[in-house]
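For reference, upload-v8.txt (compact mmCIF, C-alpha atoms):
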```txt
# COMPACT_ATOMS: atom_id res chain seq x y z
CA MET L 11 0.00 0.00 0.00
CA SER L 12 1.41 3.39 -1.00
CA VAL L 13 1.83 6.37 1.32
CA ASP L 14 -1.09 8.18 -0.33
CA GLN L 15 -3.34 5.18 0.19
CA LEU L 16 -2.31 4.91 3.83
CA ILE L 17 -3.16 8.58 4.30
CA VAL L 18 -6.61 8.07 2.80
CA VAL L 19 -7.27 5.09 5.07
CA ALA L 20 -6.04 6.99 8.14
CA ALA L 21 -8.19 9.98 7.19
CA ALA L 22 -11.25 7.75 6.82
CA LEU L 23 -10.63 6.22 10.26
CA TRP L 24 -10.18 9.66 11.76
CA GLY L 25 -13.43 10.81 10.12
CA ALA L 26 -15.33 7.79 11.40
CA ALA L 27 -14.06 8.39 14.93
CA ALA L 28 -14.80 12.12 14.78
CA GLY L 29 -18.22 11.45 13.28
CA THR L 30 -19.26 9.42 16.32
CA LEU L 31 -18.75 12.57 18.42
CA VAL L 32 -21.13 14.69 16.31
CA PRO L 33 -24.66 13.33 17.08
CA ARG L 34 -25.00 14.54 20.66
CA ALA L 35 -23.79 18.03 19.77
CA ALA L 36 -26.14 18.08 16.76
CA TYR L 37 -29.08 17.19 19.02
CA ARG L 38 -28.19 19.83 21.60
CA PHE L 39 -27.66 22.58 19.02
CA SER L 40 -30.82 21.75 17.03
CA VAL L 41 -33.20 24.23 18.66
CA PRO L 42 -35.03 27.31 17.32
CA PRO L 43 -33.15 30.63 17.66
CA GLU L 44 -35.20 31.77 20.66
CA GLU L 45 -34.45 28.64 22.70
CA THR L 46 -31.39 27.67 24.72
CA TRP L 47 -29.36 24.59 23.90
CA ARG L 48 -30.98 21.30 24.84
CA ASP L 49 -29.88 19.74 28.10
CA ARG L 50 -32.41 16.89 28.29
CA CYS L 51 -33.21 13.85 26.20
CA PRO L 52 -36.64 13.62 24.49
CA GLN L 53 -38.00 11.78 27.56
CA GLY L 54 -36.95 14.59 29.90
CA HIS L 55 -33.85 13.05 31.46
CA PRO L 56 -30.98 15.46 32.13
CA LEU L 57 -28.03 14.87 29.80
CA GLY L 58 -25.60 14.08 32.55
CA GLY L 59 -23.69 10.98 33.55
CA GLY L 60 -22.58 7.99 31.52
CA LEU L 61 -22.97 8.14 27.76
CA GLY L 62 -25.34 11.09 27.97
CA SER L 63 -22.94 13.62 29.49
CA GLY L 64 -21.22 16.52 27.78
CA TRP L 65 -21.48 17.70 24.20
CA LEU L 66 -19.56 15.08 22.26
CA GLY L 67 -20.44 11.47 21.60
CA PRO L 68 -23.34 9.29 20.44
CA ALA L 69 -26.82 10.64 21.14
CA ARG L 70 -27.79 8.07 23.75
CA CYS L 71 -29.43 8.68 27.13
CA ALA L 72 -27.88 6.85 30.07
CA SER L 73 -31.11 7.01 32.07
CA CYS L 74 -33.22 5.59 29.25
CA ALA L 75 -30.62 2.84 28.80
CA ALA L 76 -30.77 1.84 32.45
CA ALA L 77 -32.10 -1.61 33.32
CA VAL L 78 -35.89 -1.62 33.07
CA PRO L 79 -38.42 -4.28 32.06
CA GLY L 80 -37.80 -5.53 28.53
CA ARG L 81 -39.91 -4.87 25.47
CA GLY L 82 -43.33 -6.38 25.79
CA GLN L 83 -43.16 -6.47 29.61
CA LYS L 84 -45.01 -4.05 31.87
CA ASP L 85 -44.57 -2.73 35.36
CA ALA L 86 -47.56 -3.10 37.62
CA GLY L 87 -50.01 -0.30 36.92
CA ASP L 88 -48.54 0.63 33.51
CA ALA L 89 -51.22 -1.29 31.62
CA GLY L 90 -49.48 -0.56 28.35
CA HIS L 91 -49.87 3.22 28.53
CA VAL L 92 -47.19 5.65 27.45
CA THR L 93 -45.19 7.19 30.30
CA THR L 94 -42.77 9.99 29.61
CA GLY L 95 -41.92 11.29 33.05
CA ALA L 96 -38.63 13.07 33.54
CA THR L 97 -37.53 10.70 36.28
CA GLY L 98 -38.59 7.32 34.96
CA PRO L 99 -38.13 5.23 31.83
CA ALA L 100 -40.48 5.82 28.89
CA TYR L 101 -42.62 3.07 27.39
CA ASP L 102 -44.39 2.68 24.10
CA GLU L 103 -48.04 1.69 23.73
CA SER L 104 -47.25 -2.01 24.14
CA GLY L 105 -45.50 -1.38 27.43
CA GLY L 106 -42.00 -1.87 26.01
CA ARG L 107 -39.20 0.54 26.73
CA THR L 108 -38.54 3.20 24.12
CA SER L 109 -35.12 3.47 22.54
CA ALA L 110 -32.34 5.13 24.52
CA SER L 111 -31.02 6.69 21.31
CA TYR L 112 -32.12 10.12 20.17
CA GLY L 113 -31.05 12.71 17.62
CA PRO L 114 -29.15 11.96 14.39
CA SER L 115 -27.93 8.46 13.58
CA THR L 116 -24.41 7.87 14.86
CA PRO L 117 -23.46 5.29 12.16
CA LEU L 118 -24.74 7.58 9.40
CA LEU L 119 -22.81 10.61 10.62
CA ALA L 120 -19.68 8.51 11.19
CA LEU L 121 -19.91 7.21 7.62
CA ALA L 122 -20.54 10.67 6.17
CA THR L 123 -17.61 12.22 8.04
CA ALA L 124 -15.34 9.31 7.08
CA LEU L 125 -16.19 9.74 3.39
CA VAL L 126 -15.62 13.50 3.54
CA CYS L 127 -12.22 13.09 5.23
CA ALA L 128 -11.17 10.30 2.87
CA ALA L 129 -12.06 12.42 -0.18
CA LEU L 130 -10.11 15.38 1.19
CA ALA L 131 -7.09 13.17 1.84
CA ALA L 132 -7.25 11.69 -1.65
CA ALA L 133 -7.32 15.17 -3.19
CA THR L 134 -4.74 16.80 -0.90
CA GLY L 135 -2.20 14.02 -0.51
CA THR L 136 0.69 14.58 1.87
CA ARG L 137 0.56 18.37 1.85
CA PRO L 138 0.41 19.95 5.33
CA GLU L 139 -2.94 21.70 4.81
CA LEU L 140 -4.59 18.27 5.01
CA GLY L 141 -4.34 18.55 8.79
CA ALA L 142 -6.51 21.67 8.67
CA TRP L 143 -9.09 20.00 6.43
CA LEU L 144 -9.37 16.95 8.69
CA LEU L 145 -9.88 19.09 11.80
CA LEU L 146 -12.44 21.37 10.15
CA ALA L 147 -14.45 18.68 8.33
CA PRO L 148 -16.36 17.34 11.40
CA VAL L 149 -17.43 20.89 12.26
CA GLY L 150 -18.73 21.33 8.73
CA VAL L 151 -20.72 18.12 9.02
CA LEU L 152 -22.13 19.25 12.37
CA LEU L 153 -23.17 22.64 10.97
CA ALA L 154 -24.85 21.03 7.97
CA VAL L 155 -26.85 18.67 10.18
CA VAL L 156 -27.98 21.39 12.60
CA ASP L 157 -29.00 23.81 9.84
CA PHE L 158 -30.87 21.11 7.96
CA ARG L 159 -32.79 20.15 11.10
CA VAL L 160 -33.74 23.59 12.46
CA GLN L 161 -32.46 26.16 9.93
CA ARG L 162 -29.97 27.60 12.39
CA LEU L 163 -26.21 28.10 12.20
CA PRO L 164 -25.01 28.69 15.79
CA ASP L 165 -22.45 31.41 16.39
CA LEU L 166 -20.66 28.98 18.71
CA LEU L 167 -19.79 26.98 15.58
CA THR L 168 -19.55 29.42 12.67
CA LEU L 169 -17.27 32.03 14.23
CA PRO L 170 -14.78 29.55 15.75
CA LEU L 171 -14.78 27.72 12.40
CA ALA L 172 -13.59 30.88 10.64
CA ALA L 173 -10.97 31.62 13.29
CA ALA L 174 -9.74 28.03 13.37
CA ALA L 175 -9.50 27.88 9.57
CA LEU L 176 -7.29 30.97 9.43
CA VAL L 177 -5.09 29.82 12.33
CA LEU L 178 -4.64 26.28 11.01
CA LEU L 179 -3.91 27.48 7.48
CA GLY L 180 -1.49 30.03 8.90
CA VAL L 181 0.40 27.16 10.51
CA ALA L 182 0.25 25.16 7.27
CA ALA L 183 1.68 28.14 5.39
CA LEU L 184 4.81 27.95 7.58
CA LEU L 185 5.43 24.31 6.67
CA PRO L 186 7.22 23.10 3.54
CA GLU L 187 5.37 21.71 0.51
CA HIS L 188 2.09 23.49 1.18
CA ALA L 189 0.16 24.42 -1.95
CA GLY L 190 -1.89 27.39 -0.82
CA ASP L 191 -1.65 31.08 -0.01
CA TRP L 192 -2.62 32.40 3.42
CA PRO L 193 -3.16 36.07 2.44
CA THR L 194 -5.63 34.96 -0.23
CA SER L 195 -7.33 32.81 2.39
CA LEU L 196 -7.78 35.87 4.60
CA LEU L 197 -9.02 37.97 1.70
CA GLY L 198 -11.36 35.16 0.67
CA ALA L 199 -12.92 35.16 4.13
CA LEU L 200 -13.41 38.91 4.10
CA LEU L 201 -14.68 39.05 0.51
CA LEU L 202 -17.12 36.17 0.76
CA GLY L 203 -18.36 37.30 4.16
CA GLY L 204 -18.83 40.83 2.81
CA ALA L 205 -20.63 39.61 -0.30
CA TYR L 206 -23.02 37.49 1.74
CA PHE L 207 -23.62 40.42 4.09
CA VAL L 208 -24.69 42.55 1.11
CA LEU L 209 -27.04 39.77 0.00
CA PHE L 210 -28.43 39.63 3.53
CA LEU L 211 -29.12 43.38 3.50
CA ILE L 212 -30.80 43.14 0.11
CA SER L 213 -32.92 40.08 0.93
CA PRO L 214 -32.99 39.13 4.64
CA GLY L 215 -35.64 36.52 3.89
CA GLY L 216 -33.46 34.73 1.38
CA MET L 217 -30.14 34.88 3.25
CA GLY L 218 -29.82 34.42 6.99
CA PHE L 219 -27.18 36.19 9.06
CA GLY L 220 -25.89 32.79 10.10
CA ASP L 221 -25.04 32.18 6.44
CA VAL L 222 -23.02 35.40 6.46
CA LYS L 223 -20.93 34.22 9.41
CA LEU L 224 -20.55 30.77 7.86
CA ALA L 225 -19.23 32.46 4.71
CA LEU L 226 -16.23 33.75 6.65
CA GLY L 227 -14.99 30.24 7.30
CA LEU L 228 -15.87 28.94 3.85
CA GLY L 229 -14.13 31.89 2.21
CA ALA L 230 -10.99 31.21 4.24
CA VAL L 231 -10.95 27.55 3.23
CA LEU L 232 -11.67 28.19 -0.44
CA GLY L 233 -9.29 31.15 -0.65
CA TRP L 234 -6.36 28.94 0.29
CA TYR L 235 -6.30 27.51 -3.24
CA GLY L 236 -7.01 30.82 -4.97
CA TRP L 237 -9.88 32.81 -6.37
CA GLY L 238 -10.88 30.09 -8.80
CA SER L 239 -11.76 27.85 -5.87
CA VAL L 240 -13.71 30.66 -4.20
CA VAL L 241 -15.81 31.24 -7.32
CA LEU L 242 -16.32 27.53 -7.99
CA GLY L 243 -17.23 26.64 -4.40
CA THR L 244 -19.64 29.58 -4.10
CA PHE L 245 -21.33 28.83 -7.42
CA ALA L 246 -21.68 25.16 -6.51
CA GLY L 247 -23.33 26.06 -3.21
CA PHE L 248 -25.94 28.26 -4.88
CA LEU L 249 -26.47 25.62 -7.56
CA PHE L 250 -27.06 22.84 -5.02
CA GLY L 251 -29.41 25.03 -2.99
CA GLY L 252 -31.34 26.06 -6.11
CA LEU L 253 -31.71 22.48 -7.30
CA TYR L 254 -32.94 21.39 -3.88
CA GLY L 255 -35.51 24.18 -3.76
CA LEU L 256 -36.65 23.41 -7.29
CA ALA L 257 -37.03 19.72 -6.42
CA LEU L 258 -39.22 20.63 -3.43
CA VAL L 259 -41.40 22.87 -5.59
CA VAL L 260 -41.79 20.20 -8.28
CA ALA L 261 -42.69 17.64 -5.60
CA ARG L 262 -45.19 20.17 -4.18
CA ARG L 263 -43.52 20.09 -0.81
CA ALA L 264 -42.67 23.79 -0.88
CA GLY L 265 -43.63 27.04 -2.58
CA ARG L 266 -41.48 29.78 -4.03
CA LYS L 267 -41.48 31.62 -0.70
CA THR L 268 -40.76 28.59 1.46
CA SER L 269 -37.65 28.98 3.59
CA ILE L 270 -35.05 26.25 3.14
CA PRO L 271 -31.80 25.63 5.01
CA PHE L 272 -29.03 27.15 2.89
CA GLY L 273 -26.03 26.27 5.05
CA PRO L 274 -25.78 22.59 4.06
CA PHE L 275 -25.60 23.52 0.39
CA LEU L 276 -23.03 26.26 0.98
CA ILE L 277 -20.93 23.69 2.84
CA ALA L 278 -21.42 21.09 0.09
CA GLY L 279 -20.43 23.63 -2.55
CA ALA L 280 -17.33 24.62 -0.58
CA PHE L 281 -16.47 20.94 -0.26
CA VAL L 282 -16.60 20.52 -4.05
CA GLY L 283 -14.56 23.67 -4.61
CA LEU L 284 -12.00 22.55 -2.05
CA LEU L 285 -11.66 19.09 -3.58
CA ILE L 286 -11.07 20.47 -7.05
CA GLY L 287 -8.73 23.16 -5.75
CA ALA L 288 -6.70 20.61 -3.78
CA TYR L 289 -6.56 18.17 -6.67
CA THR L 290 -5.38 20.76 -9.19
CA ALA L 291 -2.96 22.61 -6.89
```
Any chance you could put this one into structure tokens?
Amino acid sequence: MSVDQLIVVAAALWGAAAGTLVPRAAYRFSVPPEETWRDRCPQGHPLGGGLGSGWLGPARCASCAAAVPGRGQKDAGDAGHVTTGATGPAYDESGGRTSASYGPSTPLLALATALVCAALAAATGTRPELGAWLLLAPVGVLLAVVDFRVQRLPDLLTLPLAAAALVLLGVAALLPEHAGDWPTSLLGALLLGGAYFVLFLISPGGMGFGDVKLALGLGAVLGWYGWGSVVLGTFAGFLFGGLYGLALVVARRAGRKTSIPFGPFLIAGAFVGLLIGAYTA
């Protein structure tokens, strides 16, 4: 197995491991703008202790997973009714315990993150900026999931993403054999963020302010490989979003004024632009 192949395999394993940390954070961040971050599972148990603690890890409630009567069995007095108390286990209509899992699927997110990281490694090779891509990719997956679920891009993710991208690429620029340009990365962040801000002022209903802050990080990433990557990644994002909206309209699941999450498509477009920029660098 060649060095490049080993790097791709290692990147895929890293992505799979990082992807298993995303579901719980995605669940906690997936709330409307006026609400605070979730701190309880769907059955009302506090997210504390065991597998349910903290922000990172599989979305699984330790309290719901505790030993209770098995599926099809009932406690005395339950009589098959649904109970969803905050202090006791929840049951379905047959009296069986509901699943301890909640939020996005851990295997699905692990697979998606692994594929993203493997593709980035295949395109980038042994160049030092690959380290930045592998660290930023799980955050991009997390942002896409949260925005798709509740149409929200939390500041706690978008702004650190932009800062981390510039810092990590600044470090990569100091290492030999890098293939990008840090000043263009900085300018890309400022230009794309400024352009999206103008679009937000023109049409607040079509462009959220979270998209503007996301554009800072995407512009930094795309700018590393030059203005061609910035243009390509931005165009691809708008194309993907437009095709998705058109598909919803054709399927009669949305109208022309229906709000759709734009962040996932901006991230997908940036991913395409980054892959092509890395491959051709």
message = For a test of reading the model, state the distance in Å between atom CA of L:Ala120 and atom CA of L:Val160, rounded to one decimal.
response = 20.7 Å
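Rounded to one decimal, atom CA of L:Trp143 and atom CA of L:Leu285 lie 10.4 Å from each other.
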query = Hey, which of L:Cys74, L:Val19, L:Val155, L:Leu226 ends up closest to L:Ala35? Count only C-alpha atoms.
reply = L:Val155
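Counting all atoms listed in the file and comparing L:Arg70, L:Arg137, L:Lys223, L:Arg262, the residue that lies closest to L:Ser115 is L:Arg70.
Among the candidates L:Ser73, L:Ser40, L:Thr244, L:Thr194, the residue lying nearest to L:Leu153 is L:Ser40 (atoms considered: all atoms listed in the file).
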Is it possible to add N, CA, C and O atoms to stretch 144-160 of chain L and hand it back as an mmCIF file, in the frame of the given file?
```cif
data_model
loop_
_atom_site.group_PDB
_atom_site.id
_atom_site.type_symbol
_atom_site.label_atom_id
_atom_site.label_comp_id
_atom_site.auth_asym_id
_atom_site.auth_seq_id
_atom_site.Cartn_x
_atom_site.Cartn_y
_atom_site.Cartn_z
ATOM 1 N N LEU L 144 -8.857 18.043 7.865
ATOM 2 C CA LEU L 144 -9.370 16.950 8.690
ATOM 3 C C LEU L 144 -9.919 17.454 10.025
ATOM 4 O O LEU L 144 -10.857 16.857 10.580
ATOM 5 N N LEU L 145 -9.371 18.537 10.548
ATOM 6 C CA LEU L 145 -9.880 19.090 11.800
ATOM 7 C C LEU L 145 -11.157 19.897 11.581
ATOM 8 O O LEU L 145 -12.039 19.935 12.450
ATOM 9 N N LEU L 146 -11.280 20.530 10.426
ATOM 10 C CA LEU L 146 -12.440 21.370 10.150
ATOM 11 C C LEU L 146 -13.635 20.576 9.627
ATOM 12 O O LEU L 146 -14.789 20.984 9.806
ATOM 13 N N ALA L 147 -13.373 19.440 8.975
ATOM 14 C CA ALA L 147 -14.450 18.680 8.330
ATOM 15 C C ALA L 147 -15.557 18.260 9.302
ATOM 16 O O ALA L 147 -16.749 18.423 8.977
ATOM 17 N N PRO L 148 -15.261 17.720 10.494
ATOM 18 C CA PRO L 148 -16.360 17.340 11.400
ATOM 19 C C PRO L 148 -17.237 18.523 11.805
ATOM 20 O O PRO L 148 -18.444 18.367 11.997
ATOM 21 N N VAL L 149 -16.635 19.704 11.923
ATOM 22 C CA VAL L 149 -17.430 20.890 12.260
ATOM 23 C C VAL L 149 -18.368 21.240 11.112
ATOM 24 O O VAL L 149 -19.518 21.625 11.330
ATOM 25 N N GLY L 150 -17.877 21.091 9.883
ATOM 26 C CA GLY L 150 -18.730 21.330 8.730
ATOM 27 C C GLY L 150 -19.908 20.367 8.683
ATOM 28 O O GLY L 150 -21.042 20.761 8.386
ATOM 29 N N VAL L 151 -19.642 19.104 8.987
ATOM 30 C CA VAL L 151 -20.720 18.120 9.020
ATOM 31 C C VAL L 151 -21.730 18.477 10.112
ATOM 32 O O VAL L 151 -22.954 18.421 9.906
ATOM 33 N N LEU L 152 -21.248 18.865 11.273
ATOM 34 C CA LEU L 152 -22.130 19.250 12.370
ATOM 35 C C LEU L 152 -23.001 20.436 11.993
ATOM 36 O O LEU L 152 -24.213 20.447 12.241
ATOM 37 N N LEU L 153 -22.407 21.461 11.383
ATOM 38 C CA LEU L 153 -23.170 22.640 10.970
ATOM 39 C C LEU L 153 -24.234 22.273 9.944
ATOM 40 O O LEU L 153 -25.368 22.767 10.013
ATOM 41 N N ALA L 154 -23.886 21.421 8.998
ATOM 42 C CA ALA L 154 -24.850 21.030 7.970
ATOM 43 C C ALA L 154 -26.041 20.302 8.595
ATOM 44 O O ALA L 154 -27.197 20.552 8.224
ATOM 45 N N VAL L 155 -25.776 19.422 9.543
ATOM 46 C CA VAL L 155 -26.850 18.670 10.180
ATOM 47 C C VAL L 155 -27.765 19.596 10.984
ATOM 48 O O VAL L 155 -28.998 19.525 10.887
ATOM 49 N N VAL L 156 -27.176 20.486 11.774
ATOM 50 C CA VAL L 156 -27.980 21.390 12.600
ATOM 51 C C VAL L 156 -28.830 22.308 11.732
ATOM 52 O O VAL L 156 -30.032 22.494 11.989
ATOM 53 N N ASP L 157 -28.246 22.888 10.690
ATOM 54 C CA ASP L 157 -29.000 23.810 9.840
ATOM 55 C C ASP L 157 -30.114 23.072 9.098
ATOM 56 O O ASP L 157 -31.209 23.607 8.918
ATOM 57 N N PHE L 158 -29.850 21.860 8.675
ATOM 58 C CA PHE L 158 -30.870 21.110 7.960
ATOM 59 C C PHE L 158 -32.034 20.741 8.884
ATOM 60 O O PHE L 158 -33.185 20.663 8.449
ATOM 61 N N ARG L 159 -31.746 20.545 10.157
ATOM 62 C CA ARG L 159 -32.790 20.150 11.100
ATOM 63 C C ARG L 159 -33.627 21.335 11.575
ATOM 64 O O ARG L 159 -34.845 21.219 11.703
ATOM 65 N N VAL L 160 -33.000 22.466 11.861
ATOM 66 C CA VAL L 160 -33.740 23.590 12.460
ATOM 67 C C VAL L 160 -33.484 24.922 11.780
ATOM 68 O O VAL L 160 -33.916 25.964 12.269
#
```
